[in-house]
>>> print(open('upload_5.pdb').read())   # PDB, N, CA and C atoms
ATOM      1  N   MET A   1       0.823  -1.182   0.000
ATOM      2  CA  MET A   1       0.000   0.000   0.000
ATOM      3  C   MET A   1       0.873   1.254   0.000
ATOM      4  N   LYS A   2       1.906   1.251   0.860
ATOM      5  CA  LYS A   2       2.782   2.411   0.931
ATOM      6  C   LYS A   2       3.537   2.611  -0.373
ATOM      7  N   LYS A   3       3.969   1.506  -1.000
ATOM      8  CA  LYS A   3       4.704   1.615  -2.259
ATOM      9  C   LYS A   3       3.793   2.146  -3.364
ATOM     10  N   GLY A   4       2.529   1.742  -3.345
ATOM     11  CA  GLY A   4       1.570   2.228  -4.328
ATOM     12  C   GLY A   4       1.335   3.719  -4.182
ATOM     13  N   MET A   5       1.204   4.166  -2.949
ATOM     14  CA  MET A   5       1.017   5.597  -2.706
ATOM     15  C   MET A   5       2.256   6.379  -3.097
ATOM     16  N   LEU A   6       3.431   5.824  -2.826
ATOM     17  CA  LEU A   6       4.676   6.471  -3.219
ATOM     18  C   LEU A   6       4.758   6.579  -4.738
ATOM     19  N   LEU A   7       4.394   5.519  -5.435
ATOM     20  CA  LEU A   7       4.405   5.528  -6.895
ATOM     21  C   LEU A   7       3.441   6.586  -7.437
ATOM     22  N   ILE A   8       2.253   6.659  -6.862
ATOM     23  CA  ILE A   8       1.290   7.674  -7.291
ATOM     24  C   ILE A   8       1.849   9.076  -7.046
ATOM     25  N   GLY A   9       2.463   9.277  -5.901
ATOM     26  CA  GLY A   9       3.060  10.573  -5.583
ATOM     27  C   GLY A   9       4.153  10.961  -6.556
ATOM     28  N   VAL A  10       4.995  10.006  -6.906
ATOM     29  CA  VAL A  10       6.090  10.275  -7.843
ATOM     30  C   VAL A  10       5.531  10.615  -9.221
ATOM     31  N   VAL A  11       4.545   9.842  -9.676
ATOM     32  CA  VAL A  11       3.955  10.084 -10.995
ATOM     33  C   VAL A  11       3.294  11.460 -11.035
ATOM     34  N   VAL A  12       2.545  11.795  -9.996
ATOM     35  CA  VAL A  12       1.892  13.107  -9.940
ATOM     36  C   VAL A  12       2.939  14.220  -9.917
ATOM     37  N   GLY A  13       3.995  14.035  -9.174
ATOM     38  CA  GLY A  13       5.064  15.029  -9.127
ATOM     39  C   GLY A  13       5.719  15.237 -10.480
ATOM     40  N   ILE A  14       5.980  14.150 -11.179
ATOM     41  CA  ILE A  14       6.592  14.253 -12.511
ATOM     42  C   ILE A  14       5.638  14.953 -13.468
ATOM     43  N   ALA A  15       4.359  14.592 -13.432
ATOM     44  CA  ALA A  15       3.370  15.212 -14.311
ATOM     45  C   ALA A  15       3.240  16.701 -14.012
ATOM     46  N   ALA A  16       3.215  17.056 -12.741
ATOM     47  CA  ALA A  16       3.111  18.463 -12.371
ATOM     48  C   ALA A  16       4.348  19.234 -12.819
ATOM     49  N   GLY A  17       5.510  18.642 -12.649
ATOM     50  CA  GLY A  17       6.746  19.287 -13.094
ATOM     51  C   GLY A  17       6.758  19.494 -14.599
ATOM     52  N   ALA A  18       6.307  18.491 -15.333
ATOM     53  CA  ALA A  18       6.249  18.627 -16.794
ATOM     54  C   ALA A  18       5.263  19.715 -17.196
ATOM     55  N   ALA A  19       4.123  19.773 -16.528
ATOM     56  CA  ALA A  19       3.122  20.795 -16.850
ATOM     57  C   ALA A  19       3.658  22.196 -16.563
ATOM     58  N   VAL A  20       4.324  22.369 -15.437
ATOM     59  CA  VAL A  20       4.895  23.677 -15.105
ATOM     60  C   VAL A  20       5.984  24.043 -16.101
ATOM     61  N   GLY A  21       6.812  23.070 -16.463
ATOM     62  CA  GLY A  21       7.866  23.327 -17.441
ATOM     63  C   GLY A  21       7.300  23.764 -18.780
ATOM     64  N   LEU A  22       6.268  23.089 -19.246
ATOM     65  CA  LEU A  22       5.631  23.480 -20.503
ATOM     66  C   LEU A  22       4.994  24.857 -20.393
ATOM     67  N   TYR A  23       4.367  25.135 -19.269
ATOM     68  CA  TYR A  23       3.733  26.436 -19.068
ATOM     69  C   TYR A  23       4.759  27.560 -19.145
ATOM     70  N   LEU A  24       5.926  27.324 -18.548
ATOM     71  CA  LEU A  24       6.945  28.362 -18.525
ATOM     72  C   LEU A  24       7.653  28.539 -19.863
ATOM     73  N   LYS A  25       7.743  27.479 -20.664
ATOM     74  CA  LYS A  25       8.524  27.533 -21.896
ATOM     75  C   LYS A  25       7.697  27.782 -23.146
ATOM     76  N   ASP A  26       6.449  27.377 -23.172
ATOM     77  CA  ASP A  26       5.646  27.433 -24.391
ATOM     78  C   ASP A  26       4.593  28.532 -24.285
ATOM     79  N   ASP A  27       4.707  29.543 -25.163
ATOM     80  CA  ASP A  27       3.785  30.675 -25.122
ATOM     81  C   ASP A  27       2.350  30.264 -25.464
ATOM     82  N   GLU A  28       2.173  29.319 -26.375
ATOM     83  CA  GLU A  28       0.834  28.890 -26.765
ATOM     84  C   GLU A  28       0.128  28.194 -25.592
ATOM     85  N   ILE A  29       0.851  27.346 -24.906
ATOM     86  CA  ILE A  29       0.277  26.660 -23.748
ATOM     87  C   ILE A  29      -0.033  27.665 -22.649
ATOM     88  N   ARG A  30       0.878  28.611 -22.432
ATOM     89  CA  ARG A  30       0.654  29.638 -21.416
ATOM     90  C   ARG A  30      -0.608  30.441 -21.735
ATOM     91  N   ALA A  31      -0.789  30.794 -23.006
ATOM     92  CA  ALA A  31      -1.975  31.558 -23.402
ATOM     93  C   ALA A  31      -3.251  30.752 -23.161
ATOM     94  N   LYS A  32      -3.227  29.451 -23.489
ATOM     95  CA  LYS A  32      -4.407  28.604 -23.279
ATOM     96  C   LYS A  32      -4.709  28.436 -21.795
ATOM     97  N   VAL A  33      -3.681  28.234 -20.997
ATOM     98  CA  VAL A  33      -3.877  28.077 -19.551
ATOM     99  C   VAL A  33      -4.410  29.369 -18.948
ATOM    100  N   ASP A  34      -3.854  30.502 -19.366
ATOM    101  CA  ASP A  34      -4.320  31.784 -18.848
ATOM    102  C   ASP A  34      -5.776  32.043 -19.254
ATOM    103  N   GLU A  35      -6.144  31.698 -20.482
ATOM    104  CA  GLU A  35      -7.523  31.858 -20.947
ATOM    105  C   GLU A  35      -8.461  30.957 -20.138
ATOM    106  N   SER A  36      -8.041  29.732 -19.888
ATOM    107  CA  SER A  36      -8.857  28.816 -19.085
ATOM    108  C   SER A  36      -9.025  29.340 -17.662
ATOM    109  N   ALA A  37      -7.965  29.860 -17.096
ATOM    110  CA  ALA A  37      -8.036  30.416 -15.744
ATOM    111  C   ALA A  37      -8.973  31.618 -15.707
ATOM    112  N   ARG A  38      -8.943  32.445 -16.749
ATOM    113  CA  ARG A  38      -9.826  33.602 -16.820
ATOM    114  C   ARG A  38     -11.284  33.149 -16.903
ATOM    115  N   ARG A  39     -11.551  32.116 -17.705
ATOM    116  CA  ARG A  39     -12.919  31.608 -17.834
ATOM    117  C   ARG A  39     -13.425  31.023 -16.518
ATOM    118  N   ILE A  40     -12.552  30.323 -15.808
ATOM    119  CA  ILE A  40     -12.933  29.754 -14.518
ATOM    120  C   ILE A  40     -13.242  30.875 -13.533
ATOM    121  N   LYS A  41     -12.432  31.939 -13.557
ATOM    122  CA  LYS A  41     -12.685  33.079 -12.670
ATOM    123  C   LYS A  41     -14.012  33.740 -13.022
ATOM    124  N   ASP A  42     -14.289  33.904 -14.315
ATOM    125  CA  ASP A  42     -15.569  34.491 -14.736
ATOM    126  C   ASP A  42     -16.735  33.624 -14.264
ATOM    127  N   LEU A  43     -16.595  32.312 -14.376
ATOM    128  CA  LEU A  43     -17.640  31.399 -13.924
ATOM    129  C   LEU A  43     -17.830  31.506 -12.413
ATOM    130  N   ALA A  44     -16.731  31.579 -11.681
ATOM    131  CA  ALA A  44     -16.817  31.710 -10.224
ATOM    132  C   ALA A  44     -17.501  33.021  -9.842
ATOM    133  N   ASP A  45     -17.195  34.100 -10.571
ATOM    134  CA  ASP A  45     -17.845  35.383 -10.309
ATOM    135  C   ASP A  45     -19.347  35.302 -10.585
ATOM    136  N   LEU A  46     -19.724  34.627 -11.675
ATOM    137  CA  LEU A  46     -21.129  34.465 -12.014
ATOM    138  C   LEU A  46     -21.856  33.657 -10.943
ATOM    139  N   ILE A  47     -21.231  32.581 -10.489
ATOM    140  CA  ILE A  47     -21.837  31.752  -9.445
ATOM    141  C   ILE A  47     -22.007  32.564  -8.163
ATOM    142  N   GLN A  48     -20.995  33.339  -7.808
ATOM    143  CA  GLN A  48     -21.078  34.157  -6.602
ATOM    144  C   GLN A  48     -22.205  35.182  -6.729
ATOM    145  N   GLU A  49     -22.344  35.785  -7.898
ATOM    146  CA  GLU A  49     -23.415  36.758  -8.126
ATOM    147  C   GLU A  49     -24.789  36.098  -7.976
ATOM    148  N   ARG A  50     -24.943  34.905  -8.562
ATOM    149  CA  ARG A  50     -26.225  34.199  -8.467
ATOM    150  C   ARG A  50     -26.533  33.803  -7.027
ATOM    151  N   VAL A  51     -25.520  33.369  -6.286
ATOM    152  CA  VAL A  51     -25.719  32.999  -4.885
ATOM    153  C   VAL A  51     -26.165  34.215  -4.080
ATOM    154  N   GLU A  52     -25.527  35.357  -4.320
ATOM    155  CA  GLU A  52     -25.900  36.576  -3.608
ATOM    156  C   GLU A  52     -27.317  37.013  -3.971
ATOM    157  N   GLN A  53     -27.698  36.898  -5.251
ATOM    158  CA  GLN A  53     -29.059  37.235  -5.669
ATOM    159  C   GLN A  53     -30.065  36.313  -4.992
ATOM    160  N   ASN A  54     -29.743  35.024  -4.966
ATOM    161  CA  ASN A  54     -30.636  34.054  -4.324
ATOM    162  C   ASN A  54     -30.763  34.345  -2.834
ATOM    163  N   ARG A  55     -29.661  34.657  -2.202
ATOM    164  CA  ARG A  55     -29.677  34.965  -0.774
ATOM    165  C   ARG A  55     -30.547  36.193  -0.504
ATOM    166  N   ALA A  56     -30.422  37.223  -1.356
ATOM    167  CA  ALA A  56     -31.230  38.430  -1.192
ATOM    168  C   ALA A  56     -32.711  38.114  -1.407
ATOM    169  N   LYS A  57     -33.001  37.275  -2.385
ATOM    170  CA  LYS A  57     -34.388  36.896  -2.652
ATOM    171  C   LYS A  57     -34.980  36.130  -1.478
ATOM    172  N   VAL A  58     -34.223  35.204  -0.917
ATOM    173  CA  VAL A  58     -34.691  34.437   0.237
ATOM    174  C   VAL A  58     -34.927  35.367   1.423
ATOM    175  N   GLU A  59     -34.017  36.293   1.652
ATOM    176  CA  GLU A  59     -34.159  37.235   2.760
ATOM    177  C   GLU A  59     -35.383  38.127   2.551
ATOM    178  N   GLU A  60     -35.609  38.571   1.329
ATOM    179  CA  GLU A  60     -36.777  39.397   1.019
ATOM    180  C   GLU A  60     -38.067  38.607   1.255
ATOM    181  N   THR A  61     -38.082  37.364   0.812
ATOM    182  CA  THR A  61     -39.258  36.510   1.018
ATOM    183  C   THR A  61     -39.503  36.284   2.495
ATOM    184  N   ARG A  62     -38.458  36.035   3.244
ATOM    185  CA  ARG A  62     -38.584  35.802   4.684
ATOM    186  C   ARG A  62     -39.128  37.048   5.384
ATOM    187  N   ALA A  63     -38.622  38.222   5.010
ATOM    188  CA  ALA A  63     -39.098  39.464   5.621
ATOM    189  C   ALA A  63     -40.566  39.707   5.272
ATOM    190  N   SER A  64     -40.931  39.429   4.032
ATOM    191  CA  SER A  64     -42.324  39.595   3.602
ATOM    192  C   SER A  64     -43.248  38.659   4.369
ATOM    193  N   GLU A  65     -42.848  37.413   4.526
ATOM    194  CA  GLU A  65     -43.663  36.445   5.260
ATOM    195  C   GLU A  65     -43.769  36.825   6.734
ATOM    196  N   THR A  66     -42.700  37.316   7.304
ATOM    197  CA  THR A  66     -42.717  37.737   8.702
ATOM    198  C   THR A  66     -43.687  38.895   8.888
ATOM    199  N   LEU A  67     -43.637  39.871   7.981
ATOM    200  CA  LEU A  67     -44.544  41.004   8.048
ATOM    201  C   LEU A  67     -45.997  40.553   7.886
ATOM    202  N   ARG A  68     -46.236  39.673   6.945
ATOM    203  CA  ARG A  68     -47.589  39.156   6.719
ATOM    204  C   ARG A  68     -48.097  38.412   7.952
ATOM    205  N   ASN A  69     -47.249  37.594   8.545
ATOM    206  CA  ASN A  69     -47.635  36.853   9.753
ATOM    207  C   ASN A  69     -47.895  37.790  10.924
ATOM    208  N   GLN A  70     -47.089  38.840  11.035
ATOM    209  CA  GLN A  70     -47.281  39.811  12.113
ATOM    210  C   GLN A  70     -48.602  40.545  11.934
ATOM    211  N   GLN A  71     -48.916  40.921  10.695
ATOM    212  CA  GLN A  71     -50.193  41.592  10.425
ATOM    213  C   GLN A  71     -51.364  40.671  10.751
ATOM    214  N   TRP A  72     -51.248  39.413  10.385
ATOM    215  CA  TRP A  72     -52.312  38.452  10.686
ATOM    216  C   TRP A  72     -52.494  38.310  12.190
ATOM    217  N   ALA A  73     -51.383  38.212  12.911
ATOM    218  CA  ALA A  73     -51.451  38.087  14.370
ATOM    219  C   ALA A  73     -52.092  39.328  14.978
ATOM    220  N   ASP A  74     -51.747  40.505  14.474
ATOM    221  CA  ASP A  74     -52.342  41.746  14.981
ATOM    222  C   ASP A  74     -53.852  41.760  14.733
ATOM    223  N   GLN A  75     -54.263  41.274  13.557
ATOM    224  CA  GLN A  75     -55.687  41.213  13.248
ATOM    225  C   GLN A  75     -56.411  40.260  14.211
ATOM    226  N   GLN A  76     -55.776  39.150  14.525
ATOM    227  CA  GLN A  76     -56.382  38.202  15.452
ATOM    228  C   GLN A  76     -56.526  38.797  16.848
ATOM    229  N   TRP A  77     -55.506  39.528  17.298
ATOM    230  CA  TRP A  77     -55.574  40.163  18.608
ATOM    231  C   TRP A  77     -56.688  41.207  18.635
ATOM    232  N   GLU A  78     -56.789  41.972  17.531
ATOM    233  CA  GLU A  78     -57.845  42.987  17.471
ATOM    234  C   GLU A  78     -59.215  42.343  17.464
ATOM    235  N   ALA A  79     -59.351  41.235  16.738
ATOM    236  CA  ALA A  79     -60.638  40.535  16.672
ATOM    237  C   ALA A  79     -61.044  40.011  18.062
ATOM    238  N   LEU A  80     -60.058  39.636  18.837
ATOM    239  CA  LEU A  80     -60.343  39.149  20.192
ATOM    240  C   LEU A  80     -60.563  40.295  21.171
ATOM    241  N   GLY A  81     -60.214  41.510  20.739
ATOM    242  CA  GLY A  81     -60.390  42.673  21.597
ATOM    243  C   GLY A  81     -59.307  42.836  22.632
ATOM    244  N   ILE A  82     -58.159  42.281  22.307
ATOM    245  CA  ILE A  82     -57.051  42.361  23.262
ATOM    246  C   ILE A  82     -56.064  43.423  22.813
TER
END
>>> encode(input="upload_5.pdb", output="C-alpha cells")
Amino acid sequence: MKKGMLLIGVVVGIAAGAAVGLYLKDDEIRAKVDESARRIKDLADLIQERVEQNRAKVEETRASETLRNQQWADQQWEALGI
C-alpha cells in the first residue's frame, strides 16, 4: 500500500513538473492556460453573483412572510379585543 502511494506521488510530481515546465517555456500553452483560468474566474464570479441574488431573494421573502404573519397576528388580537 505504501509503495503504491509512493508511486502515485512520484507520478503526480513528474506530471506536475512537466506541466509547469511546458507552461513556462511554451507561449501557446501559457496563453491557453491563462484563458482557461480567466474563464474559470468568470464562472466563479457568475456563481457568486447568483448565490448573492438568491440569498437576497430568500431574505426578502422571509421578511415579507414575517410582516404578513405579524399583520395576521395583529388582526387576530384585534378581533379578540385584546
>>> residues_around(input="upload_5.pdb", residues="region 33-45 of chain A", least_positions_apart="4", cutoff="8 Å", atoms="only C-alpha atoms", output="count of residues only")
3
>>> atom_distance(input="upload_5.pdb", atom1="CA of Ala18 (chain A)", atom2="CA of Arg30 (chain A)")
13.2 Å
>>> atom_distance(input="upload_5.pdb", atom1="atom N of Val20 (chain A)", atom2="atom C of Lys32 (chain A)")
12.6 Å
>>> atom_distance(input="upload_5.pdb", atom1="CA of Ile8 (chain A)", atom2="CA of Asp26 (chain A)")
26.5 Å
